[in-house]
file final36.txt (compact mmCIF, C-alpha atoms)
# COMPACT_ATOMS: atom_id res chain seq x y z
CA MET X 22 160.58 195.35 142.14
CA ALA X 23 163.11 197.41 144.12
CA ALA X 24 160.44 200.01 144.86
CA GLN X 25 158.06 197.33 146.09
CA GLN X 26 160.71 195.88 148.39
CA ALA X 27 161.45 199.31 149.79
CA ILE X 28 157.76 199.93 150.47
CA ALA X 29 157.35 196.53 152.15
CA ALA X 30 160.55 196.92 154.17
CA CYS X 31 159.63 200.37 155.45
CA GLY X 32 156.02 199.46 156.22
CA VAL X 33 154.74 202.36 154.13
CA GLY X 34 151.12 202.08 153.11
CA SER X 35 149.41 198.72 153.35
CA GLU X 36 149.00 195.63 151.25
CA PHE X 37 146.60 192.72 151.52
CA TRP X 38 147.86 189.25 150.70
CA GLY X 39 145.33 186.44 150.64
CA SER X 40 142.03 185.74 148.96
CA GLN X 41 141.81 189.40 147.89
CA GLY X 42 145.18 189.31 146.11
CA ARG X 43 147.54 192.27 146.37
CA LEU X 44 147.96 195.83 145.15
CA LYS X 45 149.65 196.23 141.77
CA SER X 46 152.86 198.23 141.63
CA ASN X 47 151.62 200.27 138.67
CA GLU X 48 148.64 201.46 140.74
CA VAL X 49 151.02 203.18 143.15
CA GLY X 50 152.92 204.80 140.29
CA GLU X 51 149.76 206.04 138.58
CA LEU X 52 148.49 207.55 141.81
CA SER X 53 151.75 209.42 142.32
CA ARG X 54 151.76 210.81 138.79
CA GLN X 55 148.11 211.86 138.84
CA GLN X 56 148.48 213.65 142.14
CA ALA X 57 151.85 215.29 141.37
CA PRO X 58 151.49 219.02 142.23
CA SER X 59 153.34 221.92 140.66
CA SER X 60 154.87 223.52 143.77
CA GLY X 61 156.61 222.32 146.91
CA GLN X 62 153.96 223.77 149.20
CA GLN X 63 151.16 222.07 147.30
CA ALA X 64 153.17 218.86 147.28
CA GLY X 65 153.23 218.81 151.07
CA VAL X 66 149.50 219.41 151.31
CA VAL X 67 148.62 216.80 148.71
CA ARG X 68 150.95 214.20 150.19
CA MET X 69 149.43 214.76 153.63
CA ALA X 70 145.93 214.38 152.19
CA ILE X 71 146.86 211.19 150.33
CA SER X 72 148.64 209.82 153.39
CA ARG X 73 145.66 210.55 155.64
CA LYS X 74 143.26 208.99 153.15
CA LYS X 75 145.38 205.85 152.78
CA LYS X 76 145.65 205.52 156.55
CA GLU X 77 141.88 205.81 156.92
CA GLU X 78 141.40 203.22 154.16
CA THR X 79 143.84 200.86 155.85
CA VAL X 80 142.06 201.19 159.21
CA GLU X 81 138.71 200.56 157.54
CA LYS X 82 140.00 197.49 155.68
CA ALA X 83 141.45 196.13 158.90
CA ARG X 84 138.11 196.65 160.63
CA GLN X 85 136.39 194.77 157.84
CA GLN X 86 138.79 191.89 158.41
CA LEU X 87 137.66 191.74 162.04
CA GLU X 88 134.17 190.67 160.95
CA GLY X 89 133.88 186.94 161.46
CA CYS X 90 137.54 186.73 162.43
CA GLN X 91 138.55 183.79 164.62
CA LEU X 92 142.15 184.75 165.28
CA ILE X 93 144.63 187.55 164.56
CA ALA X 94 148.34 186.78 164.63
CA GLY X 95 151.31 189.08 164.16
CA ILE X 96 154.42 188.04 162.22
CA LYS X 97 157.79 189.76 162.45
CA TYR X 98 158.49 190.26 158.76
CA THR X 99 161.73 192.28 158.93
CA GLY X 100 164.01 191.18 156.10
CA LEU X 101 161.41 189.12 154.25
CA THR X 102 161.40 189.77 150.51
CA VAL X 103 158.37 190.36 148.33
CA LYS X 104 158.94 186.94 146.77
CA GLN X 105 158.90 185.27 150.16
CA MET X 106 155.73 187.13 151.14
CA GLN X 107 154.12 185.99 147.90
CA GLN X 108 155.20 182.44 148.66
CA LEU X 109 153.50 182.68 152.05
CA ARG X 110 150.37 184.21 150.58
CA LYS X 111 149.99 181.35 148.10
CA ALA X 112 150.32 178.78 150.89
CA LEU X 113 147.66 180.34 153.12
CA PRO X 114 144.16 178.86 153.30
CA GLN X 115 141.52 180.79 151.39
CA GLU X 116 139.93 181.95 154.65
CA THR X 117 143.15 183.60 155.86
CA THR X 118 144.35 187.07 154.79
CA LEU X 119 147.86 188.44 155.20
CA MET X 120 148.05 192.20 155.67
CA VAL X 121 151.04 194.50 156.06
CA ALA X 122 150.16 197.64 158.01
CA LYS X 123 151.66 199.91 160.63
CA ASN X 124 151.05 198.98 164.25
CA LYS X 125 149.39 202.33 164.91
CA LEU X 126 146.76 201.71 162.25
CA ILE X 127 146.04 198.18 163.46
CA GLY X 128 145.80 199.57 166.99
CA LYS X 129 143.22 202.06 165.83
CA ALA X 130 141.24 199.35 164.03
CA ILE X 131 141.02 197.10 167.09
CA GLU X 132 140.29 199.92 169.52
CA GLY X 133 137.13 199.26 171.52
CA THR X 134 136.88 195.65 170.35
CA GLU X 135 137.74 192.28 171.86
CA TRP X 136 140.88 192.37 169.73
CA GLU X 137 142.41 195.12 171.88
CA ALA X 138 144.17 192.29 173.70
CA LEU X 139 146.54 192.27 170.71
CA LYS X 140 148.25 195.48 171.87
CA PRO X 141 151.35 193.73 173.33
CA ALA X 142 152.18 192.58 169.78
CA LEU X 143 152.04 196.11 168.33
CA LYS X 144 155.82 196.49 168.29
CA GLY X 145 158.42 196.39 165.56
CA MET X 146 157.49 195.57 161.96
CA ASN X 147 154.54 193.23 161.68
CA ALA X 148 152.51 191.50 159.05
CA TRP X 149 149.10 190.36 160.26
CA LEU X 150 147.21 187.13 159.72
CA PHE X 151 143.43 187.51 159.86
CA VAL X 152 142.06 183.99 160.23
CA HIS X 153 138.41 183.46 159.29
CA THR X 154 138.25 179.73 159.92
CA GLU X 155 138.06 177.54 162.99
CA GLU X 156 140.95 175.47 161.64
CA ILE X 157 143.54 177.51 163.53
CA PRO X 158 146.55 175.13 163.20
CA GLY X 159 146.04 174.94 159.44
CA ALA X 160 146.08 178.73 159.18
CA LEU X 161 149.32 179.07 161.17
CA LYS X 162 151.17 176.15 159.58
CA PRO X 163 152.10 177.82 156.26
CA TYR X 164 154.15 180.48 157.99
CA ARG X 165 155.71 177.98 160.39
CA ASP X 166 156.72 175.86 157.38
CA LEU X 167 158.18 178.90 155.60
CA GLN X 168 160.04 179.89 158.75
CA LYS X 169 161.66 176.45 158.95
CA GLU X 170 162.38 176.27 155.22
CA LEU X 171 164.15 179.64 155.15
CA LYS X 172 165.62 179.24 158.64
CA LEU X 173 163.97 182.44 159.84
CA ASP X 174 164.53 181.80 163.52
CA SER X 175 164.37 185.50 164.37
CA ASN X 176 161.16 186.05 162.38
CA ASP X 177 158.73 184.44 164.78
CA PHE X 178 155.10 185.16 165.53
CA THR X 179 154.89 188.27 167.71
CA GLY X 180 151.59 187.41 169.37
CA ALA X 181 147.99 186.48 168.69
CA VAL X 182 144.50 186.87 170.05
CA PHE X 183 142.07 183.97 170.12
CA GLU X 184 138.71 184.11 171.90
CA GLY X 185 139.70 187.40 173.55
CA LYS X 186 142.94 186.04 175.04
CA PHE X 187 146.44 187.16 174.11
CA TYR X 188 148.97 184.47 173.26
CA SER X 189 152.65 185.33 173.47
CA PRO X 190 155.15 183.73 171.05
CA GLU X 191 155.98 181.18 173.75
CA GLU X 192 152.32 180.15 173.96
CA PHE X 193 151.78 179.49 170.24
CA LYS X 194 152.19 175.77 170.72
CA ALA X 195 148.75 175.74 172.34
CA LEU X 196 147.26 177.31 169.20
CA GLU X 197 149.22 175.14 166.77
CA SER X 198 148.24 171.92 168.53
CA MET X 199 144.54 172.68 168.80
CA PRO X 200 142.36 169.81 167.53
CA THR X 201 140.72 170.21 164.14
CA ARG X 202 136.96 170.36 163.76
CA ALA X 203 136.92 166.72 162.65
CA GLU X 204 138.90 165.72 165.73
CA LEU X 205 136.55 167.70 167.96
CA TYR X 206 133.53 166.01 166.42
CA ALA X 207 135.12 162.59 166.88
CA LYS X 208 135.90 163.42 170.50
CA LEU X 209 132.38 164.70 171.07
CA LEU X 210 130.88 161.61 169.48
CA GLY X 211 133.08 159.43 171.66
CA SER X 212 132.01 161.28 174.79
CA ILE X 213 128.37 160.77 173.83
CA GLN X 214 128.79 157.10 172.98
CA GLY X 215 130.77 156.37 176.15
CA PRO X 216 128.01 157.23 178.67
CA ALA X 217 125.45 155.55 176.41
CA ALA X 218 127.43 152.32 176.40
CA GLY X 219 127.85 152.62 180.16
CA LEU X 220 124.12 153.09 180.57
CA VAL X 221 123.37 150.00 178.47
CA SER X 222 125.84 148.01 180.54
CA THR X 223 124.25 149.26 183.75
CA LEU X 224 120.77 148.35 182.53
CA GLN X 225 121.91 144.96 181.27
CA ALA X 226 123.70 143.87 184.42
CA PRO X 227 120.58 143.59 186.64
CA ALA X 228 118.78 141.81 183.78
CA ARG X 229 121.44 139.13 183.68
CA ASP X 230 121.29 138.78 187.43
CA LEU X 231 117.52 138.44 187.26
CA VAL X 232 117.76 135.72 184.59
CA PHE X 233 120.25 133.76 186.68
CA THR X 234 118.03 134.12 189.74
CA LEU X 235 114.97 132.88 187.85
CA LYS X 236 116.89 129.96 186.38
CA ALA X 237 118.13 128.96 189.82
CA TYR X 238 114.58 129.18 191.21
CA VAL X 239 113.19 127.05 188.35
CA LYS X 240 115.89 124.42 188.92
CA LYS X 241 115.09 124.35 192.61
CA LEU X 242 111.40 123.75 191.87
CA GLU X 243 112.31 120.98 189.44
CA ASP X 244 114.52 119.30 192.01
CA GLU X 245 111.82 119.45 194.65
CA ALA X 246 109.30 117.94 192.29
call {"tool": "encode", "arguments": {"input": "final36.txt", "output": "structure tokens"}}
result
Amino acid sequence: MAAQQAIAACGVGSEFWGSQGRLKSNEVGELSRQQAPSSGQQAGVVRMAISRKKKEETVEKARQQLEGCQLIAGIKYTGLTVKQMQQLRKALPQETTLMVAKNKLIGKAIEGTEWEALKPALKGMNAWLFVHTEEIPGALKPYRDLQKELKLDSNDFTGAVFEGKFYSPEEFKALESMPTRAELYAKLLGSIQGPAAGLVSTLQAPARDLVFTLKAYVKKLEDEA
């Protein structure tokens, strides 16, 4: 457990938390033992090769997360324990993945894409939310709830990109208060029904006037008779 916390705290390697689950601690240990070289010189070469390979794998996994992604948000996770990260992971919607990776690797993954707008958030120690649902508030709420529960005032969102636009921490309220899909549908339905009702009213008004006019004319004829 201590080794895991050290890895998470230092930002070494990468871990996915979400629908894919997370890396097992024994996998890291087995890799180290299998690749353990016999001399110091070989150790340096092997470690560099493993490090490069893991970095490439992390970049590739991050790029895969970009497919169908609706929003990416950074979280300042300094000081968060493995247990707290697991708590957050369990609370996330199935369509949202939590990933811990170095800023440099995320920067490489988003290079040349619409997500390059995320660059202002590539500072400090970040965990990243890859949201693959249009229900943005629901994807952000679990961390906001955890932040309030643990009184993590200094561990705020570091930034996000939605529809190609960067949102600073001060602008997150706009993302968290976005209407849900159901609310959007209700609003759309209301906007459709409104003009329709107005049209019916417009069409009905002259008809009523015409009826009154005809009735008045008929009464006049009756009186003259």
call {"tool": "residues_around", "arguments": {"input": "final36.txt", "residues": "X:Gly180", "least_positions_apart": "4", "cutoff": "8 Å", "atoms": "all atoms listed in the file", "output": "PyMOL selection string"}}
result
chain X and resi 94-96+139+141-142+187-190+193
call {"tool": "residues_around", "arguments": {"input": "final36.txt", "residues": "stretch 77-85 of chain X", "least_positions_apart": "6", "cutoff": "7 Å", "atoms": "all atoms listed in the file", "output": "ChimeraX atom specification"}}
result
/X:35,126-127,129-130
call {"tool": "closest_residue", "arguments": {"input": "final36.txt", "among": "X:Asn124, X:Ser198, X:Ser72, X:Gln105", "to": "X:Lys162", "atoms": "all atoms listed in the file"}}
result
X:Ser198
call {"tool": "closest_residue", "arguments": {"input": "final36.txt", "among": "X:Gly133, X:Gly89, X:Pro163, X:Pro158", "to": "X:Lys194", "atoms": "all atoms listed in the file"}}
result
X:Pro158
call {"tool": "residues_near_point", "arguments": {"input": "final36.txt", "point": "(145.4, 187.4, 162.7)", "cutoff": "6 Å", "atoms": "only C-alpha atoms", "output": "list in words"}}
result
Leu92, Ile93, Ala94, Trp149, Leu150, Phe151 and Val152 of chain X
call {"tool": "atom_distance", "arguments": {"input": "final36.txt", "atom1": "atom CA of X:Lys186", "atom2": "atom CA of X:Gly100"}}
result
28.8 Å
call {"tool": "atom_distance", "arguments": {"input": "final36.txt", "atom1": "atom CA of X:Glu135", "atom2": "atom CA of X:Gln107"}}
result
29.7 Å
call {"tool": "residues_near_point", "arguments": {"input": "final36.txt", "point": "(134.1, 180.2, 156.7)", "cutoff": "9 Å", "atoms": "all atoms listed in the file", "output": "list of chain:residue names"}}
result
X:Gly89, X:Glu116, X:His153, X:Thr154, X:Glu155
call {"tool": "closest_residue", "arguments": {"input": "final36.txt", "among": "X:Thr117, X:Thr99, X:Gln108, X:Gln168", "to": "X:Gly145", "atoms": "only C-alpha atoms"}}
result
X:Thr99
call {"tool": "atom_distance", "arguments": {"input": "final36.txt", "atom1": "atom CA of X:Leu87", "atom2": "atom CA of X:Thr134"}}
result
9.2 Å
call {"tool": "closest_residue", "arguments": {"input": "final36.txt", "among": "X:Lys123, X:Met146, X:Leu171, X:Glu184", "to": "X:Lys76", "atoms": "only C-alpha atoms"}}
result
X:Lys123
call {"tool": "build_atoms", "arguments": {"input": "final36.txt", "residues": "stretch 122-133 of chain X", "atoms": "all heavy atoms", "output": "short mmCIF file (atom, residue, chain, number, x, y, z; two decimals), keeping the file's coordinate frame"}}
result
data_model
loop_
_atom_site.label_atom_id
_atom_site.label_comp_id
_atom_site.auth_asym_id
_atom_site.auth_seq_id
_atom_site.Cartn_x
_atom_site.Cartn_y
_atom_site.Cartn_z
N ALA X 122 150.63 196.31 157.61
CA ALA X 122 150.16 197.64 158.01
C ALA X 122 150.89 198.08 159.27
O ALA X 122 151.36 197.25 160.05
CB ALA X 122 148.66 197.63 158.26
N LYS X 123 150.99 199.38 159.45
CA LYS X 123 151.66 199.91 160.63
C LYS X 123 150.90 199.54 161.90
O LYS X 123 149.67 199.46 161.91
CB LYS X 123 151.78 201.42 160.51
CG LYS X 123 152.75 201.88 159.44
CD LYS X 123 152.89 203.40 159.43
CE LYS X 123 153.92 203.85 158.41
NZ LYS X 123 154.07 205.33 158.39
N ASN X 124 151.64 199.34 162.96
CA ASN X 124 151.05 198.98 164.25
C ASN X 124 150.01 200.00 164.70
O ASN X 124 148.97 199.64 165.27
CB ASN X 124 152.14 198.87 165.32
CG ASN X 124 153.11 197.75 165.02
OD1 ASN X 124 152.75 196.73 164.46
ND2 ASN X 124 154.37 197.95 165.39
N LYS X 125 150.29 201.26 164.47
CA LYS X 125 149.39 202.33 164.91
C LYS X 125 148.03 202.20 164.25
O LYS X 125 146.99 202.42 164.89
CB LYS X 125 150.01 203.70 164.59
CG LYS X 125 149.20 204.88 165.11
CD LYS X 125 149.93 206.18 164.82
CE LYS X 125 149.12 207.37 165.36
NZ LYS X 125 149.81 208.66 165.08
N LEU X 126 148.02 201.84 162.97
CA LEU X 126 146.76 201.71 162.25
C LEU X 126 145.98 200.47 162.70
O LEU X 126 144.76 200.51 162.83
CB LEU X 126 147.03 201.65 160.74
CG LEU X 126 147.77 202.86 160.17
CD1 LEU X 126 147.95 202.70 158.65
CD2 LEU X 126 147.03 204.16 160.48
N ILE X 127 146.70 199.38 162.95
CA ILE X 127 146.04 198.18 163.46
C ILE X 127 145.49 198.47 164.86
O ILE X 127 144.38 198.04 165.20
CB ILE X 127 147.02 197.00 163.51
CG1 ILE X 127 147.44 196.60 162.09
CG2 ILE X 127 146.40 195.80 164.22
CD1 ILE X 127 146.31 196.13 161.21
N GLY X 128 146.26 199.20 165.65
CA GLY X 128 145.80 199.57 166.99
C GLY X 128 144.52 200.37 166.95
O GLY X 128 143.62 200.18 167.79
N LYS X 129 144.43 201.25 165.97
CA LYS X 129 143.22 202.06 165.83
C LYS X 129 142.04 201.21 165.39
O LYS X 129 140.91 201.40 165.83
CB LYS X 129 143.45 203.18 164.81
CG LYS X 129 142.34 204.22 164.76
CD LYS X 129 142.73 205.41 163.90
CE LYS X 129 141.63 206.46 163.90
NZ LYS X 129 142.00 207.63 163.06
N ALA X 130 142.31 200.22 164.53
CA ALA X 130 141.24 199.35 164.03
C ALA X 130 140.66 198.47 165.13
O ALA X 130 139.45 198.19 165.15
CB ALA X 130 141.77 198.49 162.89
N ILE X 131 141.50 198.02 166.05
CA ILE X 131 141.02 197.10 167.09
C ILE X 131 140.54 197.83 168.34
O ILE X 131 140.05 197.20 169.28
CB ILE X 131 142.13 196.10 167.49
CG1 ILE X 131 143.32 196.83 168.11
CG2 ILE X 131 142.55 195.27 166.30
CD1 ILE X 131 144.42 195.92 168.62
N GLU X 132 140.68 199.14 168.35
CA GLU X 132 140.29 199.92 169.52
C GLU X 132 138.81 199.73 169.84
O GLU X 132 137.95 199.82 168.97
CB GLU X 132 140.56 201.40 169.24
CG GLU X 132 140.53 202.28 170.48
CD GLU X 132 140.98 203.70 170.16
OE1 GLU X 132 140.27 204.38 169.39
OE2 GLU X 132 142.04 204.11 170.64
N GLY X 133 138.51 199.44 171.10
CA GLY X 133 137.13 199.26 171.52
C GLY X 133 136.53 197.92 171.17
O GLY X 133 135.33 197.71 171.31
#
